[in-house]
$ cat start27.tsv   # TSV, C-alpha atoms
chain	number	residue	atom	x	y	z
A	1	MET	CA	-167.16	168.15	-36.80
A	2	VAL	CA	-165.95	165.22	-38.82
A	3	THR	CA	-167.34	165.55	-42.30
A	4	ARG	CA	-168.01	162.68	-44.63
A	5	ARG	CA	-165.15	163.77	-46.87
A	6	VAL	CA	-162.65	163.74	-44.04
A	7	MET	CA	-164.00	160.43	-42.85
A	8	LEU	CA	-163.60	158.86	-46.29
A	9	GLN	CA	-160.09	160.19	-46.63
A	10	ARG	CA	-159.15	158.78	-43.27
A	11	SER	CA	-160.62	155.37	-43.93
A	12	ALA	CA	-158.89	155.23	-47.31
A	13	HIS	CA	-155.65	156.18	-45.61
A	14	VAL	CA	-155.97	153.52	-42.96
A	15	ALA	CA	-156.88	150.91	-45.57
A	16	ALA	CA	-153.81	151.89	-47.59
A	17	LEU	CA	-151.64	151.56	-44.50
A	18	LEU	CA	-153.06	148.16	-43.73
A	19	ALA	CA	-152.59	147.04	-47.32
A	20	SER	CA	-148.98	148.17	-47.39
A	21	ALA	CA	-148.35	146.33	-44.15
A	22	GLY	CA	-149.66	143.18	-45.83
A	23	LEU	CA	-152.36	142.73	-43.25
A	24	LEU	CA	-155.24	142.37	-45.65
A	25	PRO	CA	-155.96	139.21	-47.57
A	26	ALA	CA	-156.24	139.49	-51.34
A	27	SER	CA	-159.81	138.32	-51.22
A	28	ALA	CA	-161.87	138.95	-48.12
A	29	ARG	CA	-164.23	136.05	-48.50
A	30	ALA	CA	-163.73	132.72	-50.15
A	31	ALA	CA	-167.49	132.45	-50.65
A	32	TRP	CA	-167.51	135.29	-53.13
A	33	PRO	CA	-168.02	133.72	-56.57
A	34	GLN	CA	-165.08	135.25	-58.38
A	35	THR	CA	-165.43	133.35	-61.66
A	36	ALA	CA	-169.07	134.45	-61.92
A	37	PHE	CA	-168.12	138.08	-61.40
A	38	GLU	CA	-165.39	137.80	-64.04
A	39	ALA	CA	-167.77	136.34	-66.62
A	40	LYS	CA	-168.30	138.33	-69.80
A	41	SER	CA	-171.75	137.14	-70.80
A	42	LEU	CA	-175.10	136.13	-69.35
A	43	ALA	CA	-174.61	132.46	-70.17
A	44	ASP	CA	-171.11	132.35	-68.68
A	45	ALA	CA	-172.19	134.10	-65.49
A	46	VAL	CA	-175.16	131.79	-64.96
A	47	LYS	CA	-172.95	128.78	-65.63
A	48	ALA	CA	-170.38	130.00	-63.11
A	49	LEU	CA	-173.17	130.32	-60.54
A	50	GLY	CA	-174.07	126.70	-61.17
A	51	GLY	CA	-177.19	127.20	-63.28
A	52	SER	CA	-178.39	125.68	-66.54
A	53	ALA	CA	-179.13	127.59	-69.74
A	54	PRO	CA	-181.41	130.55	-68.96
A	55	VAL	CA	-184.90	130.76	-70.46
A	56	GLU	CA	-186.82	134.02	-70.88
A	57	SER	CA	-189.89	134.16	-68.65
A	58	LYS	CA	-192.75	136.54	-67.92
A	59	ASP	CA	-192.67	135.58	-64.26
A	60	VAL	CA	-189.46	137.45	-63.73
A	61	THR	CA	-189.79	141.21	-63.73
A	62	LEU	CA	-187.12	143.80	-64.17
A	63	THR	CA	-187.94	147.44	-63.66
A	64	GLY	CA	-185.74	150.38	-64.45
A	65	PRO	CA	-185.75	153.57	-66.47
A	66	ASP	CA	-185.89	153.47	-70.29
A	67	ILE	CA	-183.27	156.16	-70.38
A	68	ALA	CA	-180.78	156.68	-67.58
A	69	GLU	CA	-179.21	160.12	-67.54
A	70	ASN	CA	-176.34	159.08	-65.34
A	71	GLY	CA	-174.84	155.65	-65.95
A	72	ALA	CA	-173.13	155.71	-62.57
A	73	VAL	CA	-176.46	155.45	-60.78
A	74	VAL	CA	-179.15	153.45	-62.55
A	75	PRO	CA	-181.99	152.32	-60.28
A	76	VAL	CA	-183.11	148.80	-61.11
A	77	ALA	CA	-185.43	146.35	-59.41
A	78	CYS	CA	-185.85	142.64	-59.97
A	79	ALA	CA	-188.61	140.38	-58.76
A	80	CYS	CA	-190.07	136.96	-59.43
A	81	ASN	CA	-193.71	135.89	-59.04
A	82	LEU	CA	-193.02	132.20	-58.71
A	83	ALA	CA	-192.43	130.29	-55.51
A	84	GLY	CA	-189.15	128.48	-55.06
A	85	VAL	CA	-186.70	131.15	-56.10
A	86	LYS	CA	-183.27	130.43	-54.70
A	87	ARG	CA	-181.32	133.25	-56.20
A	88	LEU	CA	-181.90	136.48	-58.06
A	89	ALA	CA	-179.12	138.11	-60.02
A	90	LEU	CA	-178.74	141.37	-61.88
A	91	LEU	CA	-176.54	141.57	-64.95
A	92	VAL	CA	-175.57	144.34	-67.31
A	93	GLU	CA	-174.68	142.96	-70.74
A	94	LYS	CA	-172.13	145.51	-71.93
A	95	ASN	CA	-170.30	146.18	-68.68
A	96	PRO	CA	-166.68	144.94	-68.56
A	97	ASN	CA	-167.91	142.20	-66.24
A	98	THR	CA	-171.53	141.28	-66.79
A	99	LEU	CA	-172.62	140.25	-63.30
A	100	ALA	CA	-173.56	143.12	-60.99
A	101	ALA	CA	-175.22	141.55	-57.97
A	102	VAL	CA	-176.49	138.22	-56.67
A	103	PHE	CA	-179.12	137.89	-53.96
A	104	ASP	CA	-179.66	134.60	-52.14
A	105	VAL	CA	-183.38	134.35	-51.38
A	106	THR	CA	-184.55	132.58	-48.22
A	107	ASP	CA	-188.10	131.64	-47.22
A	108	ALA	CA	-188.34	134.69	-45.02
A	109	LEU	CA	-187.85	137.04	-47.95
A	110	GLU	CA	-189.97	138.17	-50.86
A	111	PRO	CA	-188.03	137.54	-54.06
A	112	SER	CA	-187.90	141.23	-54.84
A	113	PHE	CA	-184.95	143.58	-54.61
A	114	SER	CA	-184.09	147.10	-55.67
A	115	THR	CA	-180.66	148.55	-55.96
A	116	ARG	CA	-178.62	150.88	-58.12
A	117	VAL	CA	-176.01	149.78	-60.62
A	118	LYS	CA	-173.38	151.34	-62.84
A	119	MET	CA	-173.62	151.06	-66.59
A	120	GLY	CA	-170.74	151.88	-68.90
A	121	GLN	CA	-172.97	152.35	-71.94
A	122	SER	CA	-176.47	151.69	-73.23
A	123	SER	CA	-177.10	148.00	-72.85
A	124	ASN	CA	-179.50	145.23	-72.04
A	125	VAL	CA	-179.96	144.56	-68.36
A	126	PHE	CA	-180.96	141.09	-67.22
A	127	ALA	CA	-182.70	139.85	-64.11
A	128	VAL	CA	-182.05	136.17	-63.62
A	129	ALA	CA	-183.98	133.93	-61.24
A	130	MET	CA	-182.49	130.58	-60.31
A	131	MET	CA	-185.22	128.25	-59.10
A	132	ALA	CA	-185.05	125.47	-56.53
A	133	ASP	CA	-185.91	122.92	-59.25
A	134	GLY	CA	-182.86	123.91	-61.28
A	135	LYS	CA	-184.61	126.08	-63.86
A	136	VAL	CA	-183.06	129.39	-64.71
A	137	LEU	CA	-185.41	132.14	-65.88
A	138	PHE	CA	-184.61	135.64	-66.96
A	139	ALA	CA	-186.13	138.94	-67.99
A	140	GLN	CA	-184.40	141.65	-69.96
A	141	LYS	CA	-184.77	145.34	-70.54
A	142	GLU	CA	-182.80	147.76	-72.64
A	143	ILE	CA	-181.64	150.82	-70.74
A	144	LYS	CA	-180.14	153.71	-72.65
A	145	VAL	CA	-177.43	155.67	-70.93
A	146	THR	CA	-176.63	159.25	-71.83
A	147	LEU	CA	-173.55	159.55	-69.58
A	148	GLY	CA	-171.44	156.46	-68.93
A	149	GLY	CA	-170.62	155.37	-65.40
A	150	CYS	CA	-167.21	153.84	-65.95
A	151	GLY	CA	-165.22	156.77	-67.35
A	152	GLY	CA	-163.09	159.20	-65.44
B	1	MET	CA	-164.22	152.34	-40.29
B	2	ALA	CA	-166.70	153.38	-42.83
B	3	ASP	CA	-169.61	155.66	-42.15
B	4	PRO	CA	-172.76	154.15	-40.66
B	5	MET	CA	-175.45	152.75	-42.90
B	6	ARG	CA	-178.84	154.31	-42.96
B	7	ILE	CA	-181.47	151.66	-42.47
B	8	ARG	CA	-185.20	152.23	-42.59
B	9	ALA	CA	-187.56	149.31	-42.02
B	10	GLN	CA	-191.27	149.91	-42.36
B	11	ALA	CA	-193.97	147.40	-41.51
B	12	GLN	CA	-196.56	146.99	-44.28
B	13	GLY	CA	-199.20	144.49	-43.24
B	14	ASP	CA	-197.42	141.24	-42.41
B	15	LYS	CA	-194.26	142.30	-44.23
B	16	ALA	CA	-191.56	144.83	-43.65
B	17	VAL	CA	-189.86	146.79	-46.39
B	18	VAL	CA	-186.23	147.45	-45.54
B	19	ARG	CA	-184.26	150.17	-47.28
B	20	VAL	CA	-180.54	150.43	-46.71
B	21	LEU	CA	-178.17	153.15	-47.81
B	22	MET	CA	-174.53	152.25	-47.34
B	23	SER	CA	-171.59	154.57	-47.52
B	24	HIS	CA	-168.89	153.13	-49.74
B	25	GLU	CA	-166.69	154.25	-52.62
B	26	MET	CA	-167.41	151.17	-54.78
B	27	GLU	CA	-164.30	151.70	-56.92
B	28	THR	CA	-164.47	149.43	-59.97
B	29	GLY	CA	-160.80	148.88	-60.65
B	30	GLN	CA	-161.40	150.08	-64.23
B	31	ARG	CA	-160.78	153.77	-63.70
B	32	LYS	CA	-157.44	155.54	-63.98
B	33	ASP	CA	-156.21	158.45	-61.90
B	34	SER	CA	-154.69	161.63	-63.33
B	35	ALA	CA	-151.26	159.98	-63.54
B	36	GLY	CA	-152.72	157.18	-65.68
B	37	LYS	CA	-152.41	154.57	-62.98
B	38	THR	CA	-155.31	152.20	-62.46
B	39	ILE	CA	-157.18	152.87	-59.23
B	40	PRO	CA	-157.45	149.51	-57.45
B	41	ALA	CA	-160.90	148.01	-57.06
B	42	TRP	CA	-162.56	148.64	-53.73
B	43	PHE	CA	-166.14	147.50	-53.38
B	44	ILE	CA	-168.56	145.72	-51.10
B	45	GLN	CA	-168.47	142.00	-51.80
B	46	GLU	CA	-170.97	140.56	-49.43
B	47	VAL	CA	-174.05	141.92	-47.72
B	48	THR	CA	-176.00	139.98	-45.14
B	49	ALA	CA	-179.19	140.87	-43.34
B	50	SER	CA	-180.85	139.26	-40.38
B	51	HIS	CA	-184.25	139.58	-38.77
B	52	ASN	CA	-184.27	139.19	-34.97
B	53	GLY	CA	-180.91	137.45	-35.21
B	54	LYS	CA	-181.95	135.00	-37.94
B	55	ALA	CA	-180.11	135.42	-41.24
B	56	VAL	CA	-182.57	136.14	-44.04
B	57	LEU	CA	-180.49	137.54	-46.89
B	58	THR	CA	-177.04	137.03	-48.32
B	59	ALA	CA	-176.02	139.01	-51.35
B	60	GLN	CA	-172.81	138.96	-53.34
B	61	TRP	CA	-171.99	142.15	-55.16
B	62	GLY	CA	-169.57	143.08	-57.87
B	63	PRO	CA	-168.01	146.44	-58.56
B	64	ALA	CA	-170.94	147.34	-60.86
B	65	VAL	CA	-173.11	148.30	-57.91
B	66	SER	CA	-173.22	152.10	-57.61
B	67	LYS	CA	-171.24	154.22	-55.20
B	68	ASN	CA	-172.97	154.57	-51.83
B	69	PRO	CA	-175.14	151.54	-52.57
B	70	PHE	CA	-178.86	151.43	-52.04
B	71	LEU	CA	-180.65	148.17	-51.35
B	72	GLN	CA	-184.31	147.44	-50.79
B	73	PHE	CA	-185.77	144.10	-49.79
B	74	THR	CA	-188.91	142.78	-48.12
B	75	ILE	CA	-189.01	140.50	-45.10
B	76	LYS	CA	-192.11	138.36	-44.61
B	77	GLY	CA	-193.59	138.09	-41.15
B	78	ALA	CA	-191.74	141.05	-39.69
B	79	LYS	CA	-193.64	143.42	-37.43
B	80	ALA	CA	-193.06	146.72	-35.67
B	81	GLY	CA	-190.33	146.51	-33.06
B	82	ASP	CA	-188.46	143.68	-34.75
B	83	LYS	CA	-184.73	144.10	-35.07
B	84	ILE	CA	-183.11	144.22	-38.51
B	85	THR	CA	-179.34	143.91	-38.72
B	86	VAL	CA	-177.39	144.54	-41.91
B	87	ASP	CA	-173.70	143.99	-42.42
B	88	TRP	CA	-171.28	144.17	-45.30
B	89	VAL	CA	-167.70	143.13	-46.03
B	90	ASP	CA	-165.64	144.73	-48.78
B	91	ASN	CA	-162.78	143.28	-50.82
B	92	LYS	CA	-160.22	144.82	-48.47
B	93	GLY	CA	-161.75	143.02	-45.51
B	94	ASP	CA	-163.29	146.18	-44.11
B	95	LYS	CA	-166.68	145.59	-42.53
B	96	ARG	CA	-169.57	147.40	-40.98
B	97	THR	CA	-172.67	146.31	-39.07
B	98	ASP	CA	-175.70	148.43	-38.29
B	99	GLU	CA	-179.14	147.70	-36.98
B	100	ALA	CA	-182.55	149.28	-36.92
B	101	ALA	CA	-185.99	148.48	-35.55
B	102	VAL	CA	-189.03	148.00	-37.77
B	103	THR	CA	-191.45	150.91	-37.43
$ encode --input "start27.tsv" --output "C-alpha cells"
Amino acid sequence: MVTRRVMLQRSAHVAALLASAGLLPASARAAWPQTAFEAKSLADAVKALGGSAPVESKDVTLTGPDIAENGAVVPVACACNLAGVKRLALLVEKNPNTLAAVFDVTDALEPSFSTRVKMGQSSNVFAVAMMADGKVLFAQKEIKVTLGGCGG
Amino acid sequence: MADPMRIRAQAQGDKAVVRVLMSHEMETGQRKDSAGKTIPAWFIQEVTASHNGKAVLTAQWGPAVSKNPFLQFTIKGAKAGDKITVDWVDNKGDKRTDEAAVT
C-alpha cells in the first residue's frame, strides 16, 4: 500500500528532479498577482489588487475563533451581504506577507468562503470585499494565537 | 502527482455547498531546515472550480493558506447530480484536477 507519507516523499523527489533539470518555470502562472502577495500592509495589498482605499463596513463579515490554539491552522470565513462583489480577500496583518488568499466571485457563486490560514502571531485578520462599483469594504477581527504557525 | 482532493458537494435548496480538502505541503519559504537552510516556498497559487463545465470560481492563494488546504464555497443554482470540478496549480507548476457530483 502506498501511504500518504511515501506519496509525498515521492512527489517532492520528482519535483526536485524536475527543478534541477530546469524544467519548471520560476512562476507557474503569470496571472498570479505577485506584488499583492508581497505587500506588507492592508492598504498596499488592496492597492496592488487594483482597489481604492478600503472602508470598514458592516456588510462584510469575517468569522473565526477569538483564540486560535494552533497558528498553523486557523479556520476563517469571509462573506459579504451586498450584491456586486467582485473579489473577496483574506489578509493577516502581522504575517510576513499580509495577503493570504483572493477569491474572484462570479454571478454563480455566493460571496462566502471558508478556508484555513496560517498566522505567525496574534494579529488582526481582515476580510476585504472589492465591489463592482470600485468600492473596497473590509471587516476585521483580532485573533489571538497561542502557538505560532511560521516557526520550525 | 499529488494526492487526490476530497470534494463533497451537497445540495441545499437551490444552492450547493462545496467543501474541498486538498493535499499539499504549502511550504511558506520562511522556514529553515535543521542545517539552517531556507526551505523553498512550495504552495498552491491558483484554484479554479467549475460547475457542469462552466468556470465559477478562481482563487489566488499565497503561502499563508494552511497545509492541506480546506476550502468551502457555495454555488447558486446547482442541483443533485451536477458535476463540480476543482483544480489547482502550485508554484512549481504541479497541478491536480478532481471532480465530484452534487448529492
$ interface_residues --input "start27.tsv" --of "chain B" --to "chain A" --cutoff "8 Å" --atoms "all atoms listed in the file" --output "JSON, numbers by chain"
{"B": [1, 2, 3, 28, 30, 31, 32, 33, 45, 46, 56, 57, 58, 59, 60, 61, 62, 63, 64, 65, 66, 67, 69, 70, 71, 72, 73, 74, 75, 76, 77, 89, 90, 91, 92, 93]}
$ axis_aligned_box --input "start27.tsv" --around "stretch 61-73 of chain B" --padding-each-side "6 Å" --output "AutoDock Vina command-line options"
--center_x -176.9 --center_y 148.4 --center_z -55.3 --size_x 29.8 --size_y 24.4 --size_z 23.1
$ atom_distance --input "start27.tsv" --atom1 "atom CA of B:Ala101" --atom2 "atom CA of B:Met22"
16.9 Å
$ atom_distance --input "start27.tsv" --atom1 "atom CA of B:Gly13" --atom2 "atom CA of B:Asn52"
17.9 Å
$ closest_residue --input "start27.tsv" --among "B:Ala80, B:Thr85, B:Gly53, B:Arg6" --to "B:Val102" --atoms "all atoms listed in the file"
B:Ala80
$ atom_distance --input "start27.tsv" --atom1 "atom CA of A:Lys58" --atom2 "atom CA of A:Val145"
24.7 Å
$ closest_atom_pairs --input "start27.tsv" --of "stretch 24-91 of chain A" --to "stretch 121-130 of chain A" --cutoff "9 Å" --atoms "only C-alpha atoms" --output "JSON lines"
{"residue": "A:Leu42", "atom": "CA", "partner": "A:Phe126", "partner_atom": "CA", "distance": 8.0}
{"residue": "A:Val46", "atom": "CA", "partner": "A:Val128", "partner_atom": "CA", "distance": 8.3}
{"residue": "A:Gly51", "atom": "CA", "partner": "A:Met130", "partner_atom": "CA", "distance": 7.0}
{"residue": "A:Ser52", "atom": "CA", "partner": "A:Met130", "partner_atom": "CA", "distance": 8.9}
{"residue": "A:Pro54", "atom": "CA", "partner": "A:Val128", "partner_atom": "CA", "distance": 7.8}
{"residue": "A:Glu56", "atom": "CA", "partner": "A:Val128", "partner_atom": "CA", "distance": 8.9}
{"residue": "A:Val60", "atom": "CA", "partner": "A:Ala129", "partner_atom": "CA", "distance": 7.0}
{"residue": "A:Thr61", "atom": "CA", "partner": "A:Ala127", "partner_atom": "CA", "distance": 7.2}
{"residue": "A:Leu62", "atom": "CA", "partner": "A:Ala127", "partner_atom": "CA", "distance": 5.9}
{"residue": "A:Ile67", "atom": "CA", "partner": "A:Ser122", "partner_atom": "CA", "distance": 8.6}
{"residue": "A:Ala68", "atom": "CA", "partner": "A:Ser122", "partner_atom": "CA", "distance": 8.7}
{"residue": "A:Gly71", "atom": "CA", "partner": "A:Gln121", "partner_atom": "CA", "distance": 7.1}
{"residue": "A:Val76", "atom": "CA", "partner": "A:Val125", "partner_atom": "CA", "distance": 9.0}
{"residue": "A:Ala77", "atom": "CA", "partner": "A:Ala127", "partner_atom": "CA", "distance": 8.5}
{"residue": "A:Cys78", "atom": "CA", "partner": "A:Ala127", "partner_atom": "CA", "distance": 5.9}
{"residue": "A:Ala79", "atom": "CA", "partner": "A:Ala127", "partner_atom": "CA", "distance": 8.0}
{"residue": "A:Cys80", "atom": "CA", "partner": "A:Ala129", "partner_atom": "CA", "distance": 7.0}
{"residue": "A:Gly84", "atom": "CA", "partner": "A:Met130", "partner_atom": "CA", "distance": 8.7}
{"residue": "A:Val85", "atom": "CA", "partner": "A:Met130", "partner_atom": "CA", "distance": 6.0}
{"residue": "A:Lys86", "atom": "CA", "partner": "A:Met130", "partner_atom": "CA", "distance": 5.7}
{"residue": "A:Arg87", "atom": "CA", "partner": "A:Met130", "partner_atom": "CA", "distance": 5.0}
{"residue": "A:Leu88", "atom": "CA", "partner": "A:Ala129", "partner_atom": "CA", "distance": 4.6}
{"residue": "A:Ala89", "atom": "CA", "partner": "A:Val128", "partner_atom": "CA", "distance": 5.0}
{"residue": "A:Leu90", "atom": "CA", "partner": "A:Ala127", "partner_atom": "CA", "distance": 4.8}
{"residue": "A:Leu91", "atom": "CA", "partner": "A:Phe126", "partner_atom": "CA", "distance": 5.0}
$ write_last_selection --input "start27.tsv" --atoms "C-alpha atoms" --output "mmCIF file, in the coordinates of the input"
data_model
loop_
_atom_site.group_PDB
_atom_site.id
_atom_site.type_symbol
_atom_site.label_atom_id
_atom_site.label_comp_id
_atom_site.auth_asym_id
_atom_site.auth_seq_id
_atom_site.Cartn_x
_atom_site.Cartn_y
_atom_site.Cartn_z
ATOM 1 C CA LEU A 42 -175.100 136.130 -69.350
ATOM 2 C CA VAL A 46 -175.160 131.790 -64.960
ATOM 3 C CA GLY A 51 -177.190 127.200 -63.280
ATOM 4 C CA SER A 52 -178.390 125.680 -66.540
ATOM 5 C CA PRO A 54 -181.410 130.550 -68.960
ATOM 6 C CA GLU A 56 -186.820 134.020 -70.880
ATOM 7 C CA VAL A 60 -189.460 137.450 -63.730
ATOM 8 C CA THR A 61 -189.790 141.210 -63.730
ATOM 9 C CA LEU A 62 -187.120 143.800 -64.170
ATOM 10 C CA ILE A 67 -183.270 156.160 -70.380
ATOM 11 C CA ALA A 68 -180.780 156.680 -67.580
ATOM 12 C CA GLY A 71 -174.840 155.650 -65.950
ATOM 13 C CA VAL A 76 -183.110 148.800 -61.110
ATOM 14 C CA ALA A 77 -185.430 146.350 -59.410
ATOM 15 C CA CYS A 78 -185.850 142.640 -59.970
ATOM 16 C CA ALA A 79 -188.610 140.380 -58.760
ATOM 17 C CA CYS A 80 -190.070 136.960 -59.430
ATOM 18 C CA GLY A 84 -189.150 128.480 -55.060
ATOM 19 C CA VAL A 85 -186.700 131.150 -56.100
ATOM 20 C CA LYS A 86 -183.270 130.430 -54.700
ATOM 21 C CA ARG A 87 -181.320 133.250 -56.200
ATOM 22 C CA LEU A 88 -181.900 136.480 -58.060
ATOM 23 C CA ALA A 89 -179.120 138.110 -60.020
ATOM 24 C CA LEU A 90 -178.740 141.370 -61.880
ATOM 25 C CA LEU A 91 -176.540 141.570 -64.950
#
$ build_atoms --input "start27.tsv" --residues "stretch 60-92 of chain B" --atoms "N, CA and C atoms" --output "PDB file, in the coordinates of the input"
ATOM      1  N   GLN B  60    -174.180 138.764 -52.881  1.00  0.00           N
ATOM      2  CA  GLN B  60    -172.810 138.960 -53.340  1.00  0.00           C
ATOM      3  C   GLN B  60    -172.850 140.051 -54.392  1.00  0.00           C
ATOM      4  N   TRP B  61    -172.002 141.024 -54.227  1.00  0.00           N
ATOM      5  CA  TRP B  61    -171.990 142.150 -55.160  1.00  0.00           C
ATOM      6  C   TRP B  61    -170.682 142.226 -55.903  1.00  0.00           C
ATOM      7  N   GLY B  62    -170.763 142.778 -57.087  1.00  0.00           N
ATOM      8  CA  GLY B  62    -169.570 143.080 -57.870  1.00  0.00           C
ATOM      9  C   GLY B  62    -169.355 144.569 -57.859  1.00  0.00           C
ATOM     10  N   PRO B  63    -168.299 145.009 -58.544  1.00  0.00           N
ATOM     11  CA  PRO B  63    -168.010 146.440 -58.560  1.00  0.00           C
ATOM     12  C   PRO B  63    -169.019 147.256 -59.366  1.00  0.00           C
ATOM     13  N   ALA B  64    -169.971 146.610 -60.045  1.00  0.00           N
ATOM     14  CA  ALA B  64    -170.940 147.340 -60.860  1.00  0.00           C
ATOM     15  C   ALA B  64    -172.077 147.934 -60.031  1.00  0.00           C
ATOM     16  N   VAL B  65    -172.105 147.657 -58.742  1.00  0.00           N
ATOM     17  CA  VAL B  65    -173.110 148.300 -57.910  1.00  0.00           C
ATOM     18  C   VAL B  65    -172.640 149.740 -57.642  1.00  0.00           C
ATOM     19  N   SER B  66    -173.578 150.682 -57.678  1.00  0.00           N
ATOM     20  CA  SER B  66    -173.220 152.100 -57.610  1.00  0.00           C
ATOM     21  C   SER B  66    -172.541 152.491 -56.302  1.00  0.00           C
ATOM     22  N   LYS B  67    -171.848 153.613 -56.387  1.00  0.00           N
ATOM     23  CA  LYS B  67    -171.240 154.220 -55.200  1.00  0.00           C
ATOM     24  C   LYS B  67    -172.329 154.526 -54.172  1.00  0.00           C
ATOM     25  N   ASN B  68    -172.003 154.403 -52.914  1.00  0.00           N
ATOM     26  CA  ASN B  68    -172.970 154.570 -51.830  1.00  0.00           C
ATOM     27  C   ASN B  68    -174.234 153.752 -52.110  1.00  0.00           C
ATOM     28  N   PRO B  69    -174.080 152.425 -52.083  1.00  0.00           N
ATOM     29  CA  PRO B  69    -175.140 151.540 -52.570  1.00  0.00           C
ATOM     30  C   PRO B  69    -176.452 151.646 -51.809  1.00  0.00           C
ATOM     31  N   PHE B  70    -177.503 151.483 -52.589  1.00  0.00           N
ATOM     32  CA  PHE B  70    -178.860 151.430 -52.040  1.00  0.00           C
ATOM     33  C   PHE B  70    -179.369 150.015 -52.234  1.00  0.00           C
ATOM     34  N   LEU B  71    -180.085 149.516 -51.243  1.00  0.00           N
ATOM     35  CA  LEU B  71    -180.650 148.170 -51.350  1.00  0.00           C
ATOM     36  C   LEU B  71    -182.017 148.166 -50.682  1.00  0.00           C
ATOM     37  N   GLN B  72    -182.983 147.588 -51.389  1.00  0.00           N
ATOM     38  CA  GLN B  72    -184.310 147.440 -50.790  1.00  0.00           C
ATOM     39  C   GLN B  72    -184.733 145.990 -50.877  1.00  0.00           C
ATOM     40  N   PHE B  73    -185.242 145.458 -49.779  1.00  0.00           N
ATOM     41  CA  PHE B  73    -185.770 144.100 -49.790  1.00  0.00           C
ATOM     42  C   PHE B  73    -186.940 144.015 -48.819  1.00  0.00           C
ATOM     43  N   THR B  74    -187.690 142.922 -48.905  1.00  0.00           N
ATOM     44  CA  THR B  74    -188.910 142.780 -48.120  1.00  0.00           C
ATOM     45  C   THR B  74    -188.837 141.506 -47.289  1.00  0.00           C
ATOM     46  N   ILE B  75    -189.039 141.656 -45.996  1.00  0.00           N
ATOM     47  CA  ILE B  75    -189.010 140.500 -45.100  1.00  0.00           C
ATOM     48  C   ILE B  75    -190.438 140.120 -44.746  1.00  0.00           C
ATOM     49  N   LYS B  76    -190.772 138.853 -44.960  1.00  0.00           N
ATOM     50  CA  LYS B  76    -192.110 138.360 -44.610  1.00  0.00           C
ATOM     51  C   LYS B  76    -192.190 138.147 -43.111  1.00  0.00           C
ATOM     52  N   GLY B  77    -193.344 138.418 -42.555  1.00  0.00           N
ATOM     53  CA  GLY B  77    -193.590 138.090 -41.150  1.00  0.00           C
ATOM     54  C   GLY B  77    -192.876 138.996 -40.167  1.00  0.00           C
ATOM     55  N   ALA B  78    -192.379 140.130 -40.626  1.00  0.00           N
ATOM     56  CA  ALA B  78    -191.740 141.050 -39.690  1.00  0.00           C
ATOM     57  C   ALA B  78    -192.761 142.080 -39.221  1.00  0.00           C
ATOM     58  N   LYS B  79    -192.689 142.447 -37.958  1.00  0.00           N
ATOM     59  CA  LYS B  79    -193.640 143.420 -37.430  1.00  0.00           C
ATOM     60  C   LYS B  79    -192.909 144.528 -36.684  1.00  0.00           C
ATOM     61  N   ALA B  80    -193.656 145.564 -36.334  1.00  0.00           N
ATOM     62  CA  ALA B  80    -193.060 146.720 -35.670  1.00  0.00           C
ATOM     63  C   ALA B  80    -192.313 146.286 -34.413  1.00  0.00           C
ATOM     64  N   GLY B  81    -191.132 146.832 -34.227  1.00  0.00           N
ATOM     65  CA  GLY B  81    -190.330 146.510 -33.060  1.00  0.00           C
ATOM     66  C   GLY B  81    -189.295 145.445 -33.309  1.00  0.00           C
ATOM     67  N   ASP B  82    -189.443 144.707 -34.423  1.00  0.00           N
ATOM     68  CA  ASP B  82    -188.460 143.680 -34.750  1.00  0.00           C
ATOM     69  C   ASP B  82    -187.115 144.318 -35.096  1.00  0.00           C
ATOM     70  N   LYS B  83    -186.064 143.559 -34.852  1.00  0.00           N
ATOM     71  CA  LYS B  83    -184.730 144.100 -35.070  1.00  0.00           C
ATOM     72  C   LYS B  83    -184.165 143.614 -36.412  1.00  0.00           C
ATOM     73  N   ILE B  84    -183.714 144.548 -37.219  1.00  0.00           N
ATOM     74  CA  ILE B  84    -183.110 144.220 -38.510  1.00  0.00           C
ATOM     75  C   ILE B  84    -181.625 144.587 -38.431  1.00  0.00           C
ATOM     76  N   THR B  85    -180.767 143.639 -38.732  1.00  0.00           N
ATOM     77  CA  THR B  85    -179.340 143.910 -38.720  1.00  0.00           C
ATOM     78  C   THR B  85    -178.794 143.717 -40.140  1.00  0.00           C
ATOM     79  N   VAL B  86    -177.988 144.647 -40.587  1.00  0.00           N
ATOM     80  CA  VAL B  86    -177.390 144.540 -41.910  1.00  0.00           C
ATOM     81  C   VAL B  86    -175.880 144.661 -41.762  1.00  0.00           C
ATOM     82  N   ASP B  87    -175.141 143.765 -42.396  1.00  0.00           N
ATOM     83  CA  ASP B  87    -173.700 143.990 -42.420  1.00  0.00           C
ATOM     84  C   ASP B  87    -173.091 143.728 -43.779  1.00  0.00           C
ATOM     85  N   TRP B  88    -171.976 144.372 -44.031  1.00  0.00           N
ATOM     86  CA  TRP B  88    -171.280 144.170 -45.300  1.00  0.00           C
ATOM     87  C   TRP B  88    -169.793 143.983 -45.058  1.00  0.00           C
ATOM     88  N   VAL B  89    -169.147 143.329 -46.032  1.00  0.00           N
ATOM     89  CA  VAL B  89    -167.700 143.130 -46.030  1.00  0.00           C
ATOM     90  C   VAL B  89    -167.204 143.559 -47.406  1.00  0.00           C
ATOM     91  N   ASP B  90    -166.152 144.354 -47.459  1.00  0.00           N
ATOM     92  CA  ASP B  90    -165.640 144.730 -48.780  1.00  0.00           C
ATOM     93  C   ASP B  90    -164.411 143.901 -49.137  1.00  0.00           C
ATOM     94  N   ASN B  91    -163.875 144.139 -50.344  1.00  0.00           N
ATOM     95  CA  ASN B  91    -162.780 143.280 -50.820  1.00  0.00           C
ATOM     96  C   ASN B  91    -161.464 143.573 -50.124  1.00  0.00           C
ATOM     97  N   LYS B  92    -161.427 144.601 -49.265  1.00  0.00           N
ATOM     98  CA  LYS B  92    -160.220 144.820 -48.470  1.00  0.00           C
ATOM     99  C   LYS B  92    -160.392 144.266 -47.052  1.00  0.00           C
TER     100      LYS B  92
END
